[in-house]
Structure formats: C-alpha cells, structure tokens
>>> print(open('structure25.cif').read())   # mmCIF, C-alpha atoms and all ligand atoms
data_coords
loop_
_atom_site.label_atom_id
_atom_site.label_comp_id
_atom_site.auth_asym_id
_atom_site.auth_seq_id
_atom_site.Cartn_x
_atom_site.Cartn_y
_atom_site.Cartn_z
CA MET A 1 27.74 23.29 1.79
CA SER A 2 27.67 20.12 -0.29
CA ASP A 3 28.11 16.76 1.39
CA PRO A 4 31.83 15.77 1.19
CA ARG A 5 30.91 12.08 1.16
CA PRO A 6 29.76 11.46 -2.43
CA ASN A 7 28.31 8.00 -1.77
CA VAL A 8 26.06 9.02 1.06
CA VAL A 9 22.39 9.22 0.14
CA ARG A 10 21.18 12.53 1.49
CA VAL A 11 17.66 12.14 2.82
CA SER A 12 16.05 15.50 2.30
CA ASP A 13 12.48 16.71 2.39
CA GLU A 14 12.44 17.14 -1.39
CA SER A 15 9.16 15.88 -2.89
CA LEU A 16 9.56 13.06 -5.39
CA VAL A 17 5.83 13.13 -6.01
CA HIS A 18 4.07 16.47 -5.81
CA ALA A 19 0.37 16.54 -6.63
CA ARG A 20 -2.15 19.33 -6.17
CA GLY A 21 -5.81 18.99 -7.08
CA LEU A 22 -5.00 15.85 -9.08
CA VAL A 23 -7.98 14.47 -10.98
CA LYS A 24 -8.49 11.39 -13.17
CA ARG A 25 -11.79 11.20 -15.01
CA PHE A 26 -13.23 8.37 -17.05
CA GLY A 27 -16.04 10.10 -18.93
CA ASP A 28 -18.08 11.92 -16.31
CA PHE A 29 -16.80 9.74 -13.48
CA ALA A 30 -13.93 11.03 -11.34
CA ALA A 31 -11.90 7.98 -10.20
CA VAL A 32 -9.46 10.42 -8.54
CA ASP A 33 -11.20 13.56 -7.42
CA GLY A 34 -8.74 16.34 -6.55
CA ILE A 35 -6.04 14.93 -4.28
CA ASP A 36 -2.97 16.66 -2.81
CA VAL A 37 0.05 14.44 -2.15
CA ASP A 38 3.74 14.93 -1.35
CA VAL A 39 6.08 11.94 -1.21
CA ARG A 40 9.47 12.70 0.33
CA ARG A 41 12.74 11.14 -0.68
CA GLY A 42 13.60 8.02 1.30
CA GLU A 43 10.20 7.35 2.80
CA ALA A 44 7.68 4.58 2.29
CA PHE A 45 4.42 6.26 1.37
CA GLY A 46 1.14 4.40 1.16
CA PHE A 47 -2.28 4.81 -0.44
CA LEU A 48 -4.67 2.83 1.74
CA GLY A 49 -8.24 2.25 0.65
CA PRO A 50 -10.79 -0.34 -0.45
CA ASN A 51 -11.31 -1.58 -4.00
CA GLY A 52 -12.34 1.25 -6.27
CA ALA A 53 -10.94 4.02 -4.04
CA GLY A 54 -8.78 5.36 -6.89
CA LYS A 55 -5.41 4.01 -5.76
CA SER A 56 -4.41 2.32 -9.02
CA SER A 57 -5.61 5.28 -11.09
CA THR A 58 -3.36 7.50 -8.97
CA MET A 59 -0.42 5.11 -9.35
CA ARG A 60 -0.82 5.04 -13.12
CA MET A 61 -0.62 8.84 -13.21
CA VAL A 62 2.46 8.80 -10.95
CA GLY A 63 3.96 6.11 -13.18
CA CYS A 64 3.46 8.37 -16.21
CA VAL A 65 1.30 5.85 -18.08
CA SER A 66 -1.99 7.70 -17.68
CA PRO A 67 -2.23 11.49 -18.02
CA PRO A 68 -4.06 13.48 -15.33
CA SER A 69 -7.40 14.98 -16.33
CA ALA A 70 -6.70 18.06 -14.20
CA GLY A 71 -4.40 19.35 -11.49
CA VAL A 72 -0.66 19.69 -10.98
CA LEU A 73 1.64 16.67 -10.99
CA ARG A 74 5.44 16.67 -10.68
CA ILE A 75 7.41 13.44 -10.47
CA LEU A 76 11.09 13.69 -9.51
CA GLY A 77 10.67 17.42 -10.05
CA MET A 78 9.54 16.95 -13.67
CA ASP A 79 6.27 17.28 -15.56
CA PRO A 80 5.08 13.85 -16.82
CA ALA A 81 3.46 15.46 -19.88
CA ARG A 82 6.84 16.70 -21.09
CA SER A 83 9.36 14.36 -19.50
CA GLY A 84 7.53 11.02 -19.20
CA SER A 85 10.35 8.89 -20.61
CA ARG A 86 13.02 10.63 -18.49
CA ILE A 87 10.91 10.05 -15.40
CA ARG A 88 10.14 6.42 -16.25
CA ALA A 89 13.88 5.73 -16.64
CA ARG A 90 14.31 6.58 -12.97
CA LEU A 91 11.23 4.76 -11.68
CA GLY A 92 10.61 1.15 -10.79
CA VAL A 93 7.11 -0.18 -11.38
CA CYS A 94 5.59 -3.28 -9.85
CA PRO A 95 2.05 -3.58 -11.27
CA GLN A 96 -0.93 -5.07 -9.46
CA VAL A 97 -0.95 -8.15 -11.69
CA ASP A 98 2.38 -9.87 -12.41
CA ASN A 99 3.11 -9.55 -16.12
CA LEU A 100 6.21 -11.72 -16.30
CA ASP A 101 7.05 -13.50 -19.55
CA PRO A 102 6.18 -17.19 -19.04
CA GLU A 103 8.31 -18.18 -22.06
CA LEU A 104 11.49 -16.89 -20.43
CA THR A 105 13.49 -18.11 -17.47
CA VAL A 106 13.58 -16.24 -14.18
CA ARG A 107 16.95 -14.68 -15.06
CA GLU A 108 15.90 -13.83 -18.62
CA ASN A 109 12.87 -11.96 -17.31
CA LEU A 110 15.33 -9.56 -15.71
CA THR A 111 17.91 -9.37 -18.49
CA ALA A 112 15.26 -8.89 -21.19
CA TYR A 113 13.66 -6.08 -19.19
CA ALA A 114 17.07 -4.45 -18.72
CA ARG A 115 17.31 -4.01 -22.48
CA PHE A 116 14.41 -1.53 -22.39
CA PHE A 117 16.67 0.72 -20.36
CA GLY A 118 19.63 0.33 -22.69
CA ILE A 119 21.61 -1.61 -20.09
CA SER A 120 24.45 -3.68 -21.62
CA ARG A 121 24.22 -7.47 -21.63
CA ARG A 122 27.16 -7.83 -19.23
CA VAL A 123 25.79 -5.35 -16.70
CA ALA A 124 22.29 -6.84 -17.02
CA ARG A 125 23.57 -10.33 -16.18
CA GLN A 126 25.51 -9.05 -13.20
CA ARG A 127 22.54 -7.03 -11.96
CA ALA A 128 20.17 -9.95 -12.46
CA ALA A 129 22.42 -12.13 -10.29
CA GLU A 130 22.47 -9.49 -7.54
CA LEU A 131 18.73 -8.94 -7.69
CA LEU A 132 17.89 -12.66 -7.65
CA ASP A 133 20.09 -12.93 -4.59
CA PHE A 134 18.24 -9.96 -3.05
CA VAL A 135 14.81 -11.53 -3.60
CA GLN A 136 16.08 -15.01 -2.68
CA LEU A 137 15.49 -16.61 -6.06
CA SER A 138 19.08 -17.40 -7.10
CA ASP A 139 18.41 -21.11 -7.04
CA ARG A 140 15.56 -20.60 -9.53
CA ALA A 141 17.52 -18.46 -12.00
CA SER A 142 17.35 -21.01 -14.82
CA SER A 143 13.83 -22.26 -14.26
CA ARG A 144 10.84 -21.04 -16.15
CA VAL A 145 8.42 -18.64 -14.54
CA GLU A 146 5.35 -20.81 -14.91
CA PRO A 147 5.87 -23.24 -11.98
CA LEU A 148 6.87 -20.53 -9.49
CA SER A 149 4.58 -19.89 -6.52
CA GLY A 150 2.63 -16.64 -6.29
CA GLY A 151 5.10 -15.30 -3.72
CA MET A 152 8.08 -16.12 -5.94
CA LYS A 153 6.49 -14.44 -8.96
CA ARG A 154 5.82 -11.38 -6.86
CA ARG A 155 9.42 -11.26 -5.67
CA LEU A 156 10.61 -11.64 -9.25
CA THR A 157 8.35 -8.77 -10.34
CA ILE A 158 9.84 -6.66 -7.55
CA ALA A 159 13.36 -7.65 -8.68
CA ARG A 160 12.44 -6.67 -12.24
CA SER A 161 11.26 -3.27 -11.05
CA LEU A 162 14.76 -2.69 -9.64
CA VAL A 163 16.72 -3.51 -12.79
CA ASN A 164 17.25 0.15 -13.70
CA GLU A 165 18.35 1.03 -10.13
CA PRO A 166 15.37 3.36 -9.61
CA GLU A 167 15.19 6.15 -7.06
CA MET A 168 11.55 5.43 -6.43
CA VAL A 169 9.56 2.21 -6.77
CA LEU A 170 5.79 2.14 -7.29
CA LEU A 171 4.16 -1.01 -5.93
CA ASP A 172 0.49 -1.55 -6.66
CA GLU A 173 -0.86 -3.94 -4.02
CA PRO A 174 2.46 -5.76 -3.54
CA THR A 175 1.11 -8.68 -1.53
CA THR A 176 -2.51 -9.11 -2.61
CA GLY A 177 -3.34 -12.79 -2.98
CA LEU A 178 -0.23 -14.07 -1.16
CA ASP A 179 -0.26 -16.31 1.88
CA PRO A 180 0.97 -14.86 5.21
CA GLN A 181 4.47 -16.32 4.96
CA ALA A 182 4.96 -15.05 1.40
CA ARG A 183 3.65 -11.63 2.43
CA HIS A 184 6.11 -11.36 5.28
CA LEU A 185 9.00 -12.21 3.00
CA VAL A 186 7.95 -9.47 0.55
CA TRP A 187 7.58 -6.96 3.41
CA GLU A 188 11.01 -7.84 4.71
CA ARG A 189 12.60 -7.27 1.27
CA LEU A 190 10.77 -3.98 0.83
CA PHE A 191 11.91 -2.87 4.25
CA ARG A 192 15.51 -3.57 3.21
CA LEU A 193 15.03 -1.56 0.03
CA LYS A 194 13.86 1.37 2.08
CA GLN A 195 16.88 1.03 4.33
CA GLN A 196 19.01 1.35 1.19
CA GLY A 197 17.45 4.75 0.56
CA VAL A 198 14.95 3.78 -2.16
CA THR A 199 11.68 5.68 -1.94
CA LEU A 200 8.66 3.37 -1.93
CA VAL A 201 5.16 4.32 -2.99
CA LEU A 202 2.61 1.58 -2.52
CA THR A 203 -1.10 0.96 -2.60
CA THR A 204 -2.81 -1.51 -0.36
CA HIS A 205 -6.13 -2.43 1.11
CA TYR A 206 -4.43 -4.33 3.92
CA MET A 207 -4.19 -2.27 7.07
CA ASP A 208 -1.43 -4.49 8.48
CA GLU A 209 0.64 -3.90 5.34
CA ALA A 210 0.18 -0.14 5.67
CA GLU A 211 1.14 -0.26 9.35
CA GLN A 212 4.17 -2.48 8.74
CA LEU A 213 5.64 -0.68 5.76
CA CYS A 214 4.48 2.91 5.55
CA ASP A 215 6.11 5.89 7.22
CA ARG A 216 3.20 8.04 6.06
CA LEU A 217 0.01 7.30 4.25
CA VAL A 218 -3.16 8.73 2.87
CA VAL A 219 -6.48 7.01 3.38
CA MET A 220 -8.53 7.11 0.15
CA ASP A 221 -12.20 6.54 -0.41
CA GLY A 222 -14.28 7.35 -3.46
CA GLY A 223 -11.40 9.12 -5.22
CA ARG A 224 -10.70 11.47 -2.30
CA ILE A 225 -8.23 11.59 0.55
CA VAL A 226 -10.14 11.27 3.79
CA ALA A 227 -7.16 11.37 6.16
CA GLN A 228 -3.37 11.44 6.12
CA GLY A 229 -0.47 11.05 8.53
CA THR A 230 1.74 8.39 10.03
CA PRO A 231 -0.07 5.17 10.99
CA ARG A 232 0.32 6.09 14.66
CA GLU A 233 -0.98 9.64 14.16
CA LEU A 234 -4.04 8.36 12.32
CA ILE A 235 -4.84 5.82 15.00
CA GLU A 236 -4.39 8.41 17.75
CA ARG A 237 -6.52 10.96 15.93
CA TYR A 238 -9.37 8.75 14.80
CA SER A 239 -9.54 5.83 17.20
CA THR A 240 -9.16 4.86 20.84
CA ARG A 241 -6.26 2.98 22.40
CA GLU A 242 -8.04 -0.36 22.52
CA VAL A 243 -10.94 -2.10 20.84
CA VAL A 244 -13.13 -4.89 22.19
CA GLU A 245 -14.57 -7.22 19.57
CA LEU A 246 -17.74 -8.83 20.86
CA ARG A 247 -19.66 -11.63 19.21
CA PHE A 248 -23.09 -12.72 20.40
CA PRO A 249 -24.79 -16.08 19.85
CA VAL A 250 -27.58 -14.59 17.71
CA PRO A 251 -27.46 -13.57 14.06
CA ASP A 252 -28.64 -10.03 14.81
CA GLN A 253 -25.74 -8.37 16.60
CA GLY A 254 -27.63 -5.06 16.38
CA ALA A 255 -30.00 -6.12 19.16
CA TYR A 256 -27.08 -5.86 21.56
CA GLY A 257 -25.98 -2.42 20.41
CA GLU A 258 -28.46 -0.56 22.63
CA LYS A 259 -27.62 -2.67 25.65
CA LEU A 260 -24.00 -1.61 25.31
CA ALA A 261 -24.76 2.12 25.30
CA GLY A 262 -22.25 4.07 27.34
CA VAL A 263 -19.56 1.39 27.40
CA GLY A 264 -16.51 3.13 25.96
CA GLU A 265 -16.38 6.15 23.66
CA ARG A 266 -18.08 4.68 20.60
CA LEU A 267 -19.37 1.45 19.17
CA GLU A 268 -19.74 0.04 15.69
CA VAL A 269 -22.28 -2.68 14.95
CA LEU A 270 -21.06 -4.91 12.10
CA PRO A 271 -23.06 -7.83 10.70
CA ASP A 272 -20.97 -10.41 12.55
CA ARG A 273 -19.65 -8.49 15.59
CA ILE A 274 -19.77 -5.36 17.67
CA LEU A 275 -16.69 -3.19 18.13
CA LEU A 276 -16.35 -1.17 21.32
CA TYR A 277 -13.87 1.71 21.18
CA VAL A 278 -12.39 2.13 24.63
CA ALA A 279 -9.34 3.30 26.56
CA ASP A 280 -9.19 0.15 28.66
CA GLY A 281 -10.39 -3.08 27.07
CA ASP A 282 -10.34 -5.25 30.19
CA GLU A 283 -12.42 -2.72 32.09
CA ALA A 284 -14.94 -2.63 29.21
CA VAL A 285 -15.20 -6.43 29.13
CA ALA A 286 -15.84 -6.40 32.90
CA GLU A 287 -18.67 -3.88 32.32
CA VAL A 288 -20.16 -6.09 29.56
CA HIS A 289 -20.26 -8.98 32.04
CA ARG A 290 -21.74 -6.73 34.78
CA ARG A 291 -24.60 -6.07 32.35
CA SER A 292 -25.09 -9.87 32.01
CA LEU A 293 -24.92 -9.70 28.23
CA GLY A 294 -23.14 -13.06 27.81
CA PRO A 295 -21.12 -12.61 24.58
CA SER A 296 -19.89 -15.84 22.98
CA SER A 297 -16.48 -14.19 22.61
CA ALA A 298 -14.78 -10.98 23.71
CA LEU A 299 -11.42 -10.09 22.20
CA VAL A 300 -9.38 -7.09 23.36
CA ARG A 301 -6.90 -5.69 20.82
CA ARG A 302 -5.09 -2.47 20.00
CA SER A 303 -6.68 -0.07 17.52
CA SER A 304 -5.58 -0.45 13.90
CA LEU A 305 -5.91 1.45 10.63
CA GLU A 306 -8.97 -0.69 9.90
CA ASP A 307 -10.66 1.08 12.82
CA VAL A 308 -9.56 4.44 11.42
CA PHE A 309 -11.12 3.59 8.07
CA LEU A 310 -14.32 2.33 9.66
CA HIS A 311 -14.59 5.49 11.72
CA LEU A 312 -14.02 7.77 8.72
CA THR A 313 -16.26 5.99 6.24
CA GLY A 314 -18.58 3.68 8.18
CA ARG A 315 -17.29 0.77 6.11
CA THR A 316 -14.60 -1.88 6.52
CA LEU A 317 -11.58 -1.87 4.21
CA VAL A 318 -12.22 -5.34 2.80
CA ASP A 319 -15.94 -5.89 2.41
N1 LIG B 401 -10.13 2.66 -17.54
C1 LIG B 401 -11.20 2.87 -16.77
N2 LIG B 401 -12.39 3.21 -17.31
C2 LIG B 401 -13.47 3.44 -16.54
N3 LIG B 401 -13.48 3.37 -15.20
C3 LIG B 401 -12.32 3.05 -14.60
C4 LIG B 401 -11.13 2.79 -15.34
N4 LIG B 401 -10.13 2.50 -14.45
C5 LIG B 401 -10.67 2.56 -13.23
N5 LIG B 401 -11.98 2.90 -13.31
C6 LIG B 401 -12.89 3.08 -12.18
O1 LIG B 401 -12.32 4.03 -11.31
C7 LIG B 401 -12.54 3.68 -9.95
C8 LIG B 401 -11.22 3.60 -9.23
O2 LIG B 401 -10.47 2.49 -9.74
P1 LIG B 401 -9.02 2.16 -9.25
O3 LIG B 401 -8.56 0.91 -9.98
O4 LIG B 401 -8.16 3.36 -9.35
O5 LIG B 401 -9.28 1.83 -7.73
P2 LIG B 401 -8.36 1.08 -6.69
O6 LIG B 401 -8.46 1.84 -5.43
O7 LIG B 401 -7.01 0.87 -7.24
O8 LIG B 401 -9.09 -0.31 -6.53
P3 LIG B 401 -8.53 -1.75 -6.88
O9 LIG B 401 -7.92 -2.23 -5.64
O10 LIG B 401 -9.78 -2.51 -7.24
O11 LIG B 401 -7.58 -1.63 -8.02
C9 LIG B 401 -13.31 2.36 -9.99
O12 LIG B 401 -14.67 2.65 -9.82
C10 LIG B 401 -13.04 1.82 -11.36
O13 LIG B 401 -14.11 1.02 -11.81
#
>>> encode(input="structure25.cif", output="structure tokens")
Amino acid sequence: MSDPRPNVVRVSDESLVHARGLVKRFGDFAAVDGIDVDVRRGEAFGFLGPNGAGKSSTMRMVGCVSPPSAGVLRILGMDPARSGSRIRARLGVCPQVDNLDPELTVRENLTAYARFFGISRRVARQRAAELLDFVQLSDRASSRVEPLSGGMKRRLTIARSLVNEPEMVLLDEPTTGLDPQARHLVWERLFRLKQQGVTLVLTTHYMDEAEQLCDRLVVMDGGRIVAQGTPRELIERYSTREVVELRFPVPDQGAYGEKLAGVGERLEVLPDRILLYVADGDEAVAEVHRRSLGPSSALVRRSSLEDVFLHLTGRTLVD
C-alpha cells in the first residue's frame, strides 16, 4: 500500500548506487579493480582509503563523468551510459578541489550554477538564500569568493552541490586541508543533510571522518575493496577493544617489539611507535612496566578505523 503521507521521505533499501565488478583502467593500470558496492537510500556511505586507492576514480564513475572500463553500474536505477544527463540532474557533486568562480560573489556562484539545471532566476535567488543560511554564509552573500577561508569555500561548494535539490550528494574528500574547527562545522552540516533524507556518498582518508559521518563504508586499497561494514562492525571484526600506543626513547622502536611478545593479541611496530592490540589497555600497560621496559609514553585509546586499515594492509592511512 502506498504511503498516505505524500511529503514523508520513505527510507527503503533501494540501491541508489549499484556496482558489480566495476573496473576503471588507465591504459594497462586498473585504478579500480572490480568492486561491488550498494548504496542505500538515506544512508551516508563512505569510501575510506589512502591516496591512490581508487576512491576518486570510483566517484567520477558514480558521478557519470568517467565511463567504467568494465562491470555493471546503475545510478538511481539508471545506466550512466544511456541516461547520464538524467542522472546528473538528480545528483549533487562536491569535487575534491573547490572550483568556485573567483570572479563572482558567493551568492552568484549559486545562482549561476542553478542556470545549468534550468532553474528560474527567482527560484535560484530564493534557493541561494536558503542554502547560504544552511551553510552559515548569509553574511558573506555579496562578497567575492577570493578572500573566503578554506572552510567557507568548502561550505559554499557544498551549498552549490545542493542547488538542484539532489537525492544523492557525492563528496570527494569533503574536509581535506581544513582545520579541526572548520572540519567539524562541515561534518555538522552534512549530518543535518542526512537527517533531511539526502543520501551522502563520500570519500575520505580520515578515519575520524569516516567514523563520524558514515553509516556504512568500504575500505579501499590498490583499487580493491578490502573490507566493508559499519564502522563498529569493522572495528569489532578486525581490531581489539583497546590499543596501547607506546613510544620508547630510542629511534629504533623495533628493538622493543620482541620484548613485548605476548602482551595482548597483536602488535604493530611503526617507525615512531609500537601499537599493542589488547582487550584491556591498563592491564597491558601494567605488564609493560612489570617487564621494566620504561616507555617514554604509554597512551591507552579505543580502536579506530585506522587500526582496521593497518591490520588489513600493514600500512597507515596517511603515510
Ligand atoms: N586520468 C588518469 N590517468 C592515469 N592514471 C590515473 C588517472 N586518474 C587516476 N589515476 C591513477 O589511479 C590511481 C587511483 O587514483 P584515484 O585518484 O582514484 O585515487 P584516490 O583514492 O582518490 O586518491 P586521492 O586521494 O589521491 O585522490 C592512482 O594511482 C592514480 O595515479
């Protein structure tokens, strides 16, 4: 039976992005090497991975600006090869690098963009006012783009991606290069968008961003998906409850690796620290002291997606 309340957004399990065996090749090199993805309506879905993992190449295929080399891809139930412009009309795109027009004012950047979607001047002005309010830039409406901070430009790019009232917004590294305060403001706005029923698809190499924003995510490395699930599921599956970060007063942390054998479930020796994967961090620190190892610092923290990535690939997300 259809929903009698016409204005209610029905969150269903319909896939807005459906990919099977998706491949993107540049010559002989597969930047995306056969991935399967389903993004459901209303969720925030993330591609987490280091530089070069294939996240942007995937986003460009989903955004219908770069054709797949192989595999099946359906966006909003349609085939990008046949219906690219119809799909793009219902998508919002926030590219990795802000490409705002520096000659125009903040407001004009929105109204000019609205023209690409055939939106009337009157509606565009009204929508621009609403969107500038949403991204907290109303007081900058008449200023030029140039002097805006990085965070403001990012928020304006996000506002621009919403001009056509899209069902799904693609955000390629939405907060890369921003300071912590600016990042939090962007996250908060994106969270509100999700609450309004807009589906978000984002790429990031920040594990805190993925944990804060994403309902589900895939971890990518070398063009492949190495794990997928909710942030909590991934941490439970691939890491321990707590992690102890130990630093020793010598350059070679590796020398201490052997002396820590048997403390916790697993350890990772990084150039600048040793990570102990344990159920109980305080107990592990006590054991380190019982062995008279004398670390210069011992920090106990909860496991994160960074630990998941390290476990799956042997590398950190941001090298
Ligand atoms: N147009 C292109 N021609 C050739 N190689 C490319 C092209 N675009 C991307 N690549 C390569 O494909 C791989 C994946 O790039 P991609 O930009 O998709 O990764 P990413 O995960 O988004 O990383 P980043 O965070 O650096 O954007 C990289 O090795 C990159 O050099």
>>> residues_around(input="structure25.cif", residues="range 225-239 of chain A", least_positions_apart="3", cutoff="10 Å", atoms="all atoms listed in the file", output="short mmCIF file (atom, residue, chain, number, x, y, z; two decimals) with C-alpha atoms, in the frame of the given file")
data_model
loop_
_atom_site.label_atom_id
_atom_site.label_comp_id
_atom_site.auth_asym_id
_atom_site.auth_seq_id
_atom_site.Cartn_x
_atom_site.Cartn_y
_atom_site.Cartn_z
CA VAL A 32 -9.46 10.42 -8.54
CA ASP A 33 -11.20 13.56 -7.42
CA GLY A 34 -8.74 16.34 -6.55
CA ILE A 35 -6.04 14.93 -4.28
CA ASP A 36 -2.97 16.66 -2.81
CA VAL A 37 0.05 14.44 -2.15
CA PHE A 45 4.42 6.26 1.37
CA GLY A 46 1.14 4.40 1.16
CA PHE A 47 -2.28 4.81 -0.44
CA LEU A 48 -4.67 2.83 1.74
CA GLY A 49 -8.24 2.25 0.65
CA ALA A 53 -10.94 4.02 -4.04
CA GLY A 54 -8.78 5.36 -6.89
CA MET A 207 -4.19 -2.27 7.07
CA ALA A 210 0.18 -0.14 5.67
CA GLU A 211 1.14 -0.26 9.35
CA GLN A 212 4.17 -2.48 8.74
CA LEU A 213 5.64 -0.68 5.76
CA CYS A 214 4.48 2.91 5.55
CA ASP A 215 6.11 5.89 7.22
CA ARG A 216 3.20 8.04 6.06
CA LEU A 217 0.01 7.30 4.25
CA VAL A 218 -3.16 8.73 2.87
CA VAL A 219 -6.48 7.01 3.38
CA MET A 220 -8.53 7.11 0.15
CA ASP A 221 -12.20 6.54 -0.41
CA GLY A 222 -14.28 7.35 -3.46
CA GLU A 242 -8.04 -0.36 22.52
CA VAL A 243 -10.94 -2.10 20.84
CA GLU A 265 -16.38 6.15 23.66
CA ARG A 266 -18.08 4.68 20.60
CA TYR A 277 -13.87 1.71 21.18
CA VAL A 278 -12.39 2.13 24.63
CA ALA A 279 -9.34 3.30 26.56
CA ARG A 302 -5.09 -2.47 20.00
CA SER A 303 -6.68 -0.07 17.52
CA SER A 304 -5.58 -0.45 13.90
CA LEU A 305 -5.91 1.45 10.63
CA GLU A 306 -8.97 -0.69 9.90
CA ASP A 307 -10.66 1.08 12.82
CA VAL A 308 -9.56 4.44 11.42
CA PHE A 309 -11.12 3.59 8.07
CA LEU A 310 -14.32 2.33 9.66
CA HIS A 311 -14.59 5.49 11.72
CA LEU A 312 -14.02 7.77 8.72
CA THR A 313 -16.26 5.99 6.24
#
>>> closest_residue(input="structure25.cif", among="A:Leu317, A:Ile158, A:Leu131, A:Ala255", to="ligand LIG 401 (chain B)", atoms="only C-alpha atoms and all ligand atoms")
A:Leu317
>>> residues_near_point(input="structure25.cif", point="(-8.8, 20.5, -11.9)", cutoff="9 Å", atoms="only C-alpha atoms", output="list in words")
Arg20, Gly21, Leu22, Val23, Asp33, Gly34, Ser69, Ala70, Gly71 and Val72 of chain A
>>> residues_near_ligand(input="structure25.cif", ligand="ligand LIG 401 (chain B)", cutoff="6 Å", atoms="only C-alpha atoms and all ligand atoms", output="PyMOL selection string")
chain A and resi 26+31+50-57
>>> closest_residue(input="structure25.cif", among="A:Leu100, A:Leu193, A:Ala261, A:Leu148", to="Ala112 in chain A", atoms="all atoms listed in the file")
A:Leu100
>>> decode(input="structure25.cif", residues="range 233-251 of chain A", atoms="N, CA and C atoms", output="PDB file, in the first residue's frame")
ATOM      1  N   GLU A 233      31.206  -2.433  13.155  1.00  0.00           N
ATOM      2  CA  GLU A 233      31.424  -3.830  12.715  1.00  0.00           C
ATOM      3  C   GLU A 233      32.865  -4.053  12.303  1.00  0.00           C
ATOM      4  N   LEU A 234      33.417  -3.084  11.564  1.00  0.00           N
ATOM      5  CA  LEU A 234      34.790  -3.242  11.067  1.00  0.00           C
ATOM      6  C   LEU A 234      35.780  -3.278  12.222  1.00  0.00           C
ATOM      7  N   ILE A 235      35.555  -2.405  13.192  1.00  0.00           N
ATOM      8  CA  ILE A 235      36.468  -2.366  14.336  1.00  0.00           C
ATOM      9  C   ILE A 235      36.356  -3.667  15.132  1.00  0.00           C
ATOM     10  N   GLU A 236      35.109  -4.138  15.318  1.00  0.00           N
ATOM     11  CA  GLU A 236      34.945  -5.390  16.073  1.00  0.00           C
ATOM     12  C   GLU A 236      35.564  -6.574  15.341  1.00  0.00           C
ATOM     13  N   ARG A 237      35.436  -6.567  14.011  1.00  0.00           N
ATOM     14  CA  ARG A 237      35.923  -7.713  13.237  1.00  0.00           C
ATOM     15  C   ARG A 237      37.446  -7.726  13.125  1.00  0.00           C
ATOM     16  N   TYR A 238      38.031  -6.530  12.958  1.00  0.00           N
ATOM     17  CA  TYR A 238      39.455  -6.510  12.604  1.00  0.00           C
ATOM     18  C   TYR A 238      40.373  -5.912  13.661  1.00  0.00           C
ATOM     19  N   SER A 239      39.823  -5.519  14.803  1.00  0.00           N
ATOM     20  CA  SER A 239      40.710  -4.963  15.813  1.00  0.00           C
ATOM     21  C   SER A 239      40.278  -5.430  17.197  1.00  0.00           C
ATOM     22  N   THR A 240      41.001  -4.985  18.201  1.00  0.00           N
ATOM     23  CA  THR A 240      40.649  -5.312  19.586  1.00  0.00           C
ATOM     24  C   THR A 240      39.943  -4.104  20.194  1.00  0.00           C
ATOM     25  N   ARG A 241      39.466  -4.274  21.434  1.00  0.00           N
ATOM     26  CA  ARG A 241      38.699  -3.178  22.031  1.00  0.00           C
ATOM     27  C   ARG A 241      39.589  -1.942  22.263  1.00  0.00           C
ATOM     28  N   GLU A 242      40.787  -2.187  22.752  1.00  0.00           N
ATOM     29  CA  GLU A 242      41.665  -1.053  23.071  1.00  0.00           C
ATOM     30  C   GLU A 242      43.037  -1.210  22.408  1.00  0.00           C
ATOM     31  N   VAL A 243      43.723  -0.087  22.323  1.00  0.00           N
ATOM     32  CA  VAL A 243      45.061  -0.069  21.750  1.00  0.00           C
ATOM     33  C   VAL A 243      45.960   0.717  22.709  1.00  0.00           C
ATOM     34  N   VAL A 244      47.159   0.217  22.925  1.00  0.00           N
ATOM     35  CA  VAL A 244      48.143   0.975  23.699  1.00  0.00           C
ATOM     36  C   VAL A 244      49.205   1.461  22.724  1.00  0.00           C
ATOM     37  N   GLU A 245      49.414   2.771  22.730  1.00  0.00           N
ATOM     38  CA  GLU A 245      50.462   3.358  21.881  1.00  0.00           C
ATOM     39  C   GLU A 245      51.678   3.611  22.758  1.00  0.00           C
ATOM     40  N   LEU A 246      52.748   2.910  22.459  1.00  0.00           N
ATOM     41  CA  LEU A 246      53.976   3.046  23.255  1.00  0.00           C
ATOM     42  C   LEU A 246      55.050   3.747  22.432  1.00  0.00           C
ATOM     43  N   ARG A 247      55.735   4.653  23.073  1.00  0.00           N
ATOM     44  CA  ARG A 247      56.905   5.289  22.445  1.00  0.00           C
ATOM     45  C   ARG A 247      58.094   5.064  23.347  1.00  0.00           C
ATOM     46  N   PHE A 248      59.232   4.746  22.732  1.00  0.00           N
ATOM     47  CA  PHE A 248      60.450   4.476  23.512  1.00  0.00           C
ATOM     48  C   PHE A 248      61.514   5.517  23.175  1.00  0.00           C
ATOM     49  N   PRO A 249      62.398   5.793  24.143  1.00  0.00           N
ATOM     50  CA  PRO A 249      63.359   6.891  23.938  1.00  0.00           C
ATOM     51  C   PRO A 249      64.532   6.540  23.038  1.00  0.00           C
ATOM     52  N   VAL A 250      64.335   5.627  22.084  1.00  0.00           N
ATOM     53  CA  VAL A 250      65.382   5.333  21.098  1.00  0.00           C
ATOM     54  C   VAL A 250      64.747   5.402  19.717  1.00  0.00           C
ATOM     55  N   PRO A 251      65.558   5.716  18.690  1.00  0.00           N
ATOM     56  CA  PRO A 251      64.963   5.831  17.362  1.00  0.00           C
ATOM     57  C   PRO A 251      64.400   4.500  16.862  1.00  0.00           C
TER      58      PRO A 251
END
